[in-house]
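The data block below is query_7.txt; it holds compact mmCIF, C-alpha atoms.
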```txt
# COMPACT_ATOMS: atom_id res chain seq x y z
CA MET N 1 68.38 -35.85 15.62
CA GLY N 2 68.39 -32.90 18.04
CA LYS N 3 65.83 -30.10 18.16
CA GLU N 4 68.00 -27.66 16.21
CA ASP N 5 68.55 -30.17 13.41
CA VAL N 6 64.84 -30.95 13.27
CA LYS N 7 64.09 -27.23 12.96
CA LYS N 8 66.59 -26.85 10.12
CA ASN N 9 65.31 -29.92 8.27
CA LEU N 10 61.66 -28.86 8.54
CA ALA N 11 62.42 -26.20 5.93
CA ARG N 12 62.97 -29.06 3.42
CA VAL N 13 59.50 -30.51 3.80
CA LEU N 14 56.72 -28.08 2.94
CA ASN N 15 53.40 -28.70 4.73
CA TRP N 16 54.84 -31.15 7.25
CA THR N 17 54.68 -30.21 10.91
CA HIS N 18 56.68 -31.44 13.83
CA SER N 19 54.63 -32.88 16.68
CA GLY N 20 56.36 -34.58 19.58
CA ASP N 21 59.01 -36.78 17.97
CA GLN N 22 57.06 -37.16 14.76
CA LEU N 23 56.47 -35.51 11.40
CA GLU N 24 52.84 -35.12 10.35
CA ARG N 25 51.06 -34.04 7.22
CA SER N 26 47.34 -33.99 6.51
CA PHE N 27 45.85 -34.16 3.04
CA GLN N 28 42.36 -33.31 1.86
CA PHE N 29 40.96 -35.01 -1.25
CA GLY N 30 37.73 -34.81 -3.22
CA ASP N 31 36.41 -38.18 -2.09
CA PHE N 32 37.32 -41.54 -0.58
CA LYS N 33 38.52 -43.03 -3.91
CA GLU N 34 41.07 -40.25 -4.37
CA THR N 35 42.21 -40.69 -0.78
CA MET N 36 42.79 -44.42 -1.29
CA ARG N 37 44.57 -43.84 -4.60
CA PHE N 38 47.05 -41.51 -2.94
CA ALA N 39 47.38 -43.74 0.15
CA ASN N 40 48.33 -46.61 -2.16
CA GLN N 41 50.95 -44.48 -3.90
CA VAL N 42 52.44 -43.68 -0.51
CA ALA N 43 52.26 -47.38 0.42
CA ASP N 44 54.17 -48.38 -2.74
CA LEU N 45 56.80 -45.73 -2.01
CA ALA N 46 57.03 -46.94 1.61
CA GLU N 47 57.70 -50.50 0.42
CA ARG N 48 60.36 -49.33 -2.05
CA GLU N 49 62.09 -47.20 0.59
CA GLY N 50 61.60 -49.68 3.44
CA HIS N 51 60.22 -46.89 5.62
CA HIS N 52 56.54 -46.89 6.54
CA PRO N 53 54.49 -43.94 7.75
CA ASP N 54 51.36 -44.43 9.82
CA PHE N 55 48.14 -43.73 7.90
CA GLU N 56 44.88 -42.35 9.23
CA ILE N 57 42.13 -42.39 6.63
CA HIS N 58 38.89 -40.60 7.33
CA TYR N 59 36.89 -40.56 4.07
CA ALA N 60 38.44 -37.66 2.09
CA GLN N 61 41.15 -36.92 4.67
CA LEU N 62 44.48 -38.65 5.09
CA LYS N 63 46.95 -38.01 7.88
CA LEU N 64 50.48 -39.39 7.56
CA THR N 65 52.87 -39.67 10.47
CA LEU N 66 56.59 -40.36 10.11
CA TRP N 67 59.20 -41.26 12.68
CA THR N 68 61.90 -43.84 13.16
CA HIS N 69 60.73 -46.53 15.56
CA ALA N 70 64.25 -47.87 16.15
CA VAL N 71 65.45 -44.60 17.68
CA GLY N 72 62.07 -43.39 18.97
CA GLY N 73 62.48 -40.10 17.13
CA LEU N 74 63.31 -38.42 13.85
CA THR N 75 66.20 -39.27 11.56
CA GLU N 76 67.36 -38.20 8.11
CA ASN N 77 65.26 -41.09 6.70
CA ASP N 78 62.04 -39.42 7.87
CA PHE N 79 62.85 -36.19 6.06
CA ILE N 80 63.83 -38.06 2.89
CA MET N 81 60.53 -39.94 3.02
CA ALA N 82 58.56 -36.71 3.59
CA GLU N 83 60.32 -35.15 0.58
CA GLU N 84 59.48 -38.18 -1.57
CA ILE N 85 55.83 -38.11 -0.47
CA ASN N 86 55.66 -34.41 -1.36
CA LYS N 87 56.78 -35.33 -4.91
CA LEU N 88 53.87 -37.77 -5.45
CA MET Q 1 20.19 -47.10 18.23
CA GLY Q 2 19.89 -47.35 22.03
CA LYS Q 3 22.35 -49.06 24.35
CA GLU Q 4 20.27 -52.22 24.66
CA ASP Q 5 20.02 -52.60 20.89
CA VAL Q 6 23.76 -52.03 20.50
CA LYS Q 7 24.40 -54.74 23.10
CA LYS Q 8 22.13 -57.20 21.26
CA ASN Q 9 23.65 -56.42 17.87
CA LEU Q 10 27.23 -56.81 19.12
CA ALA Q 11 26.59 -60.57 19.26
CA ARG Q 12 26.33 -60.49 15.43
CA VAL Q 13 29.81 -59.10 14.88
CA LEU Q 14 32.56 -61.28 16.31
CA ASN Q 15 35.75 -59.43 17.34
CA TRP Q 16 34.19 -55.98 17.14
CA THR Q 17 34.02 -53.93 20.29
CA HIS Q 18 31.85 -51.01 21.20
CA SER Q 19 33.71 -47.87 22.22
CA GLY Q 20 31.81 -44.65 22.80
CA ASP Q 21 29.38 -44.43 19.89
CA GLN Q 22 31.60 -46.46 17.59
CA LEU Q 23 32.39 -50.03 16.59
CA GLU Q 24 36.08 -50.93 16.47
CA ARG Q 25 38.07 -53.91 15.29
CA SER Q 26 41.84 -54.32 15.15
CA PHE Q 27 43.60 -56.70 12.80
CA GLN Q 28 47.15 -58.02 12.92
CA PHE Q 29 48.84 -59.10 9.68
CA GLY Q 30 52.22 -60.57 8.77
CA ASP Q 31 53.57 -57.41 7.16
CA PHE Q 32 52.65 -54.06 5.63
CA LYS Q 33 51.78 -55.53 2.21
CA GLU Q 34 49.18 -57.84 3.73
CA THR Q 35 47.76 -54.95 5.73
CA MET Q 36 47.37 -52.81 2.60
CA ARG Q 37 45.85 -55.71 0.64
CA PHE Q 38 43.15 -56.14 3.28
CA ALA Q 39 42.66 -52.37 3.71
CA ASN Q 40 41.99 -52.15 -0.05
CA GLN Q 41 39.44 -54.98 0.13
CA VAL Q 42 37.66 -53.08 2.89
CA ALA Q 43 37.90 -49.88 0.81
CA ASP Q 44 36.28 -51.59 -2.21
CA LEU Q 45 33.51 -52.93 0.02
CA ALA Q 46 33.03 -49.47 1.55
CA GLU Q 47 32.58 -47.96 -1.92
CA ARG Q 48 30.08 -50.65 -2.94
CA GLU Q 49 28.08 -50.22 0.27
CA GLY Q 50 28.43 -46.43 0.40
CA HIS Q 51 29.53 -46.68 4.03
CA HIS Q 52 33.12 -45.87 4.96
CA PRO Q 53 34.96 -46.91 8.10
CA ASP Q 54 37.93 -44.95 9.39
CA PHE Q 55 41.26 -46.71 8.88
CA GLU Q 56 44.36 -46.56 11.04
CA ILE Q 57 47.31 -48.34 9.48
CA HIS Q 58 50.42 -48.93 11.54
CA TYR Q 59 52.68 -51.28 9.53
CA ALA Q 60 51.19 -54.76 10.19
CA GLN Q 61 48.25 -53.45 12.23
CA LEU Q 62 44.95 -52.10 10.99
CA LYS Q 63 42.25 -50.58 13.14
CA LEU Q 64 38.82 -50.00 11.63
CA THR Q 65 36.20 -47.76 13.20
CA LEU Q 66 32.57 -47.68 12.14
CA TRP Q 67 29.80 -45.28 13.02
CA THR Q 68 27.16 -43.26 11.24
CA HIS Q 69 28.22 -39.63 10.99
CA ALA Q 70 24.74 -38.40 10.11
CA VAL Q 71 23.29 -39.55 13.44
CA GLY Q 72 26.51 -39.30 15.48
CA GLY Q 73 26.14 -42.89 16.61
CA LEU Q 74 25.49 -46.48 15.56
CA THR Q 75 22.82 -47.68 13.15
CA GLU Q 76 21.92 -50.98 11.52
CA ASN Q 77 24.22 -50.00 8.62
CA ASP Q 78 27.27 -50.15 10.88
CA PHE Q 79 26.50 -53.69 11.97
CA ILE Q 80 25.84 -54.79 8.39
CA MET Q 81 29.18 -53.30 7.36
CA ALA Q 82 30.97 -55.02 10.28
CA GLU Q 83 29.42 -58.34 9.24
CA GLU Q 84 30.53 -57.83 5.64
CA ILE Q 85 34.08 -56.96 6.72
CA ASN Q 86 34.19 -60.12 8.85
CA LYS Q 87 33.39 -62.14 5.72
CA LEU Q 88 36.39 -60.77 3.77
```
Could the structure of this file be written out as structure tokens, please?
Amino acid sequence: MGKEDVKKNLARVLNWTHSGDQLERSFQFGDFKETMRFANQVADLAEREGHHPDFEIHYAQLKLTLWTHAVGGLTENDFIMAEEINKL
Amino acid sequence: MGKEDVKKNLARVLNWTHSGDQLERSFQFGDFKETMRFANQVADLAEREGHHPDFEIHYAQLKLTLWTHAVGGLTENDFIMAEEINKL
């Protein structure tokens, strides 16, 4: 996906930012338990969709990173996944 | 904990390395489900012990990082936690 397409698609995914060839979103929770609960919801979704973000868990903070390894960049799949995560 | 003490204590925690003021261990699993299963076991342990590592999950890889935020370095608690994680 070219830069112009990425820019257009970013409008679909509130709170996600574009960094390098990746989409990132950070979440802040009340405590570690809440963080893990949400991380597990994302994990279940990732298994259903067959598309897995990277997770960084730091107590009450979670950072998710999405990109498509096979093409080394962003594809429609990444934006669909970001939309689905936003619905959780 | 001083450098000499860290060096001594590292012998207690097989497969953990010392990087900066942190303890790190990386794990390789068969797939994402196995990674999440283990990450959740570590999370339960962290809640029981009241000491939370950082998690980096990249599909079948998990990296754990331990240190004691309050002192900005390593304490006995970190080595106990590393030992407990090794027993999982």
Checklist entry - Counting all atoms listed in the file, which residues of chain N come no farther than 10 Å from chain Q, as a count of residues only? => result 24
Least-squares superpose chain Q onto chain N - every C-alpha atom, paired in order - and show me the moved coordinates as an mmCIF file with C-alpha atoms, in the frame of the given file.
```cif
data_model
loop_
_atom_site.group_PDB
_atom_site.id
_atom_site.type_symbol
_atom_site.label_atom_id
_atom_site.label_comp_id
_atom_site.auth_asym_id
_atom_site.auth_seq_id
_atom_site.Cartn_x
_atom_site.Cartn_y
_atom_site.Cartn_z
ATOM 1 C CA MET Q 1 68.399 -35.854 15.628
ATOM 2 C CA GLY Q 2 68.400 -32.885 18.032
ATOM 3 C CA LYS Q 3 65.822 -30.110 18.145
ATOM 4 C CA GLU Q 4 67.978 -27.665 16.202
ATOM 5 C CA ASP Q 5 68.545 -30.164 13.400
ATOM 6 C CA VAL Q 6 64.831 -30.971 13.255
ATOM 7 C CA LYS Q 7 64.078 -27.247 12.969
ATOM 8 C CA LYS Q 8 66.573 -26.847 10.105
ATOM 9 C CA ASN Q 9 65.305 -29.918 8.269
ATOM 10 C CA LEU Q 10 61.652 -28.864 8.538
ATOM 11 C CA ALA Q 11 62.409 -26.188 5.925
ATOM 12 C CA ARG Q 12 62.974 -29.043 3.421
ATOM 13 C CA VAL Q 13 59.504 -30.514 3.791
ATOM 14 C CA LEU Q 14 56.725 -28.084 2.935
ATOM 15 C CA ASN Q 15 53.400 -28.697 4.731
ATOM 16 C CA TRP Q 16 54.850 -31.129 7.253
ATOM 17 C CA THR Q 17 54.694 -30.202 10.896
ATOM 18 C CA HIS Q 18 56.680 -31.438 13.827
ATOM 19 C CA SER Q 19 54.636 -32.886 16.670
ATOM 20 C CA GLY Q 20 56.370 -34.578 19.577
ATOM 21 C CA ASP Q 21 59.017 -36.775 17.970
ATOM 22 C CA GLN Q 22 57.062 -37.165 14.751
ATOM 23 C CA LEU Q 23 56.480 -35.505 11.393
ATOM 24 C CA GLU Q 24 52.845 -35.114 10.355
ATOM 25 C CA ARG Q 25 51.062 -34.029 7.213
ATOM 26 C CA SER Q 26 47.332 -33.988 6.515
ATOM 27 C CA PHE Q 27 45.851 -34.161 3.042
ATOM 28 C CA GLN Q 28 42.351 -33.304 1.869
ATOM 29 C CA PHE Q 29 40.967 -35.009 -1.245
ATOM 30 C CA GLY Q 30 37.724 -34.800 -3.208
ATOM 31 C CA ASP Q 31 36.399 -38.174 -2.084
ATOM 32 C CA PHE Q 32 37.323 -41.536 -0.584
ATOM 33 C CA LYS Q 33 38.516 -43.017 -3.900
ATOM 34 C CA GLU Q 34 41.064 -40.242 -4.361
ATOM 35 C CA THR Q 35 42.217 -40.685 -0.777
ATOM 36 C CA MET Q 36 42.783 -44.419 -1.287
ATOM 37 C CA ARG Q 37 44.556 -43.836 -4.615
ATOM 38 C CA PHE Q 38 47.048 -41.510 -2.933
ATOM 39 C CA ALA Q 39 47.370 -43.735 0.163
ATOM 40 C CA ASN Q 40 48.333 -46.619 -2.159
ATOM 41 C CA GLN Q 41 50.957 -44.476 -3.909
ATOM 42 C CA VAL Q 42 52.441 -43.676 -0.510
ATOM 43 C CA ALA Q 43 52.259 -47.382 0.416
ATOM 44 C CA ASP Q 44 54.176 -48.380 -2.746
ATOM 45 C CA LEU Q 45 56.802 -45.736 -2.003
ATOM 46 C CA ALA Q 46 57.036 -46.944 1.607
ATOM 47 C CA GLU Q 47 57.712 -50.498 0.410
ATOM 48 C CA ARG Q 48 60.378 -49.332 -2.052
ATOM 49 C CA GLU Q 49 62.096 -47.197 0.590
ATOM 50 C CA GLY Q 50 61.605 -49.686 3.431
ATOM 51 C CA HIS Q 51 60.225 -46.892 5.608
ATOM 52 C CA HIS Q 52 56.546 -46.887 6.541
ATOM 53 C CA PRO Q 53 54.496 -43.943 7.749
ATOM 54 C CA ASP Q 54 51.365 -44.432 9.819
ATOM 55 C CA PHE Q 55 48.151 -43.732 7.916
ATOM 56 C CA GLU Q 56 44.883 -42.359 9.234
ATOM 57 C CA ILE Q 57 42.132 -42.401 6.639
ATOM 58 C CA HIS Q 58 38.889 -40.601 7.346
ATOM 59 C CA TYR Q 59 36.881 -40.562 4.085
ATOM 60 C CA ALA Q 60 38.433 -37.663 2.096
ATOM 61 C CA GLN Q 61 41.152 -36.950 4.669
ATOM 62 C CA LEU Q 62 44.492 -38.658 5.088
ATOM 63 C CA LYS Q 63 46.956 -38.015 7.871
ATOM 64 C CA LEU Q 64 50.474 -39.394 7.553
ATOM 65 C CA THR Q 65 52.879 -39.669 10.466
ATOM 66 C CA LEU Q 66 56.578 -40.371 10.101
ATOM 67 C CA TRP Q 67 59.183 -41.255 12.678
ATOM 68 C CA THR Q 68 61.886 -43.837 13.171
ATOM 69 C CA HIS Q 69 60.724 -46.521 15.581
ATOM 70 C CA ALA Q 70 64.218 -47.877 16.170
ATOM 71 C CA VAL Q 71 65.434 -44.602 17.689
ATOM 72 C CA GLY Q 72 62.053 -43.389 18.990
ATOM 73 C CA GLY Q 73 62.456 -40.111 17.147
ATOM 74 C CA LEU Q 74 63.313 -38.423 13.857
ATOM 75 C CA THR Q 75 66.209 -39.282 11.565
ATOM 76 C CA GLU Q 76 67.352 -38.207 8.116
ATOM 77 C CA ASN Q 77 65.260 -41.082 6.694
ATOM 78 C CA ASP Q 78 62.045 -39.430 7.864
ATOM 79 C CA PHE Q 79 62.847 -36.201 6.063
ATOM 80 C CA ILE Q 80 63.832 -38.058 2.894
ATOM 81 C CA MET Q 81 60.536 -39.944 3.024
ATOM 82 C CA ALA Q 82 58.577 -36.699 3.588
ATOM 83 C CA GLU Q 83 60.321 -35.154 0.575
ATOM 84 C CA GLU Q 84 59.487 -38.181 -1.568
ATOM 85 C CA ILE Q 85 55.834 -38.106 -0.486
ATOM 86 C CA ASN Q 86 55.662 -34.403 -1.377
ATOM 87 C CA LYS Q 87 56.782 -35.301 -4.907
ATOM 88 C CA LEU Q 88 53.903 -37.768 -5.458
#
```
Checklist entry - Expressed in Å to a single decimal, how great is the separation between CA of Asn77 in chain Q and CA of Arg12 in chain Q? => result 12.7 Å
Item to check | Nearest to Asp78 in chain N by atom-to-atom distance, counting only C-alpha atoms, from N:Leu14, N:Leu66, N:Val6, N:Met1 | outcome: N:Leu66
Next on the checklist: Need the shell around Thr75 in chain N: protein/DNA/RNA residues with any atom at most 10 Å away, counting only C-alpha atoms. Skip same-chain ones fewer than 6 positions apart. Format as a ChimeraX atom specification?
Outcome noted: /N:1-2,5-6,9,21-22,66-69
Next on the checklist: Could you list, as a PyMOL selection string, every residue within 12 Å of Lys7 in chain N, counting all atoms listed in the file and ignoring same-chain residues fewer than 6 positions away?
Outcome noted: chain N and resi 1+13+16-19+21+23+74+79
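Computed from the coordinates, the CA of Glu34 in chain Q to CA of Ile85 in chain Q distance equals 15.4 Å.
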Need the axis-aligned box for range 8-18 of chain N with 6 Å each side, so what are the centre and edges in Å to one decimal, as AutoDock Vina command-line options?
```
--center_x 60.0 --center_y -28.8 --center_z 8.4 --size_x 25.2 --size_y 17.2 --size_z 22.9
```
Checklist entry - So which one's closest to Asn15 in chain N, N:Leu88, N:Ala82, N:Val42, N:Val71? Using only C-alpha atoms, please. => result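 Closest residue, counting only C-alpha atoms: N:Ala82.
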Checklist entry - In Å to one decimal, how far is CA of Gly73 in chain N from CA of Gln28 in chain N? => result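 Separation of CA of Gln28 in chain N and CA of Gly73 in chain N: 26.2 Å.
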Reconstruct N, CA, C and O atoms of range 26-47 of chain Q; output as a compact mmCIF listing (two decimals), in the frame of the given file.
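Dumped to result-v8.txt:
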```
# COMPACT_ATOMS: atom_id res chain seq x y z
N SER Q 26 40.42 -54.38 15.53
CA SER Q 26 41.84 -54.32 15.15
C SER Q 26 42.24 -55.64 14.52
O SER Q 26 41.77 -56.71 14.91
N PHE Q 27 43.10 -55.54 13.52
CA PHE Q 27 43.60 -56.70 12.80
C PHE Q 27 45.12 -56.70 12.85
O PHE Q 27 45.75 -55.63 12.76
N GLN Q 28 45.69 -57.89 12.96
CA GLN Q 28 47.15 -58.02 12.92
C GLN Q 28 47.52 -58.86 11.70
O GLN Q 28 46.97 -59.96 11.52
N PHE Q 29 48.42 -58.36 10.87
CA PHE Q 29 48.84 -59.10 9.68
C PHE Q 29 50.32 -59.46 9.78
O PHE Q 29 50.98 -59.13 10.77
N GLY Q 30 50.81 -60.14 8.75
CA GLY Q 30 52.22 -60.57 8.77
C GLY Q 30 53.17 -59.43 8.43
O GLY Q 30 54.29 -59.36 8.95
N ASP Q 31 52.72 -58.55 7.55
CA ASP Q 31 53.57 -57.41 7.16
C ASP Q 31 52.70 -56.30 6.57
O ASP Q 31 51.47 -56.42 6.52
N PHE Q 32 53.35 -55.24 6.13
CA PHE Q 32 52.65 -54.06 5.63
C PHE Q 32 51.87 -54.36 4.35
O PHE Q 32 50.74 -53.88 4.17
N LYS Q 33 52.46 -55.19 3.47
CA LYS Q 33 51.78 -55.53 2.21
C LYS Q 33 50.44 -56.20 2.45
O LYS Q 33 49.45 -55.89 1.80
N GLU Q 34 50.42 -57.14 3.38
CA GLU Q 34 49.18 -57.84 3.73
C GLU Q 34 48.16 -56.87 4.30
O GLU Q 34 46.96 -56.96 4.02
N THR Q 35 48.65 -55.94 5.13
CA THR Q 35 47.76 -54.95 5.73
C THR Q 35 47.10 -54.12 4.64
O THR Q 35 45.88 -53.92 4.65
N MET Q 36 47.90 -53.65 3.67
CA MET Q 36 47.37 -52.81 2.60
C MET Q 36 46.42 -53.60 1.70
O MET Q 36 45.42 -53.05 1.23
N ARG Q 37 46.73 -54.89 1.47
CA ARG Q 37 45.85 -55.71 0.64
C ARG Q 37 44.45 -55.77 1.28
O ARG Q 37 43.44 -55.57 0.62
N PHE Q 38 44.44 -56.04 2.58
CA PHE Q 38 43.15 -56.14 3.28
C PHE Q 38 42.46 -54.77 3.35
O PHE Q 38 41.24 -54.68 3.14
N ALA Q 39 43.24 -53.73 3.63
CA ALA Q 39 42.66 -52.37 3.71
C ALA Q 39 41.98 -52.02 2.38
O ALA Q 39 40.90 -51.41 2.36
N ASN Q 40 42.58 -52.44 1.26
CA ASN Q 40 41.99 -52.15 -0.05
C ASN Q 40 40.72 -52.97 -0.30
O ASN Q 40 39.79 -52.49 -0.97
N GLN Q 41 40.68 -54.19 0.23
CA GLN Q 41 39.44 -54.98 0.13
C GLN Q 41 38.32 -54.29 0.91
O GLN Q 41 37.18 -54.21 0.43
N VAL Q 42 38.66 -53.80 2.09
CA VAL Q 42 37.66 -53.08 2.89
C VAL Q 42 37.23 -51.80 2.16
O VAL Q 42 36.04 -51.46 2.13
N ALA Q 43 38.20 -51.12 1.54
CA ALA Q 43 37.90 -49.88 0.81
C ALA Q 43 36.95 -50.14 -0.36
O ALA Q 43 36.01 -49.37 -0.58
N ASP Q 44 37.17 -51.24 -1.09
CA ASP Q 44 36.28 -51.59 -2.21
C ASP Q 44 34.87 -51.87 -1.70
O ASP Q 44 33.87 -51.43 -2.28
N LEU Q 45 34.80 -52.63 -0.61
CA LEU Q 45 33.51 -52.93 0.02
C LEU Q 45 32.81 -51.64 0.46
O LEU Q 45 31.61 -51.45 0.24
N ALA Q 46 33.57 -50.74 1.06
CA ALA Q 46 33.03 -49.47 1.55
C ALA Q 46 32.42 -48.67 0.40
O ALA Q 46 31.34 -48.07 0.54
N GLU Q 47 33.10 -48.67 -0.76
CA GLU Q 47 32.58 -47.96 -1.92
C GLU Q 47 31.30 -48.60 -2.45
O GLU Q 47 30.35 -47.91 -2.80
```
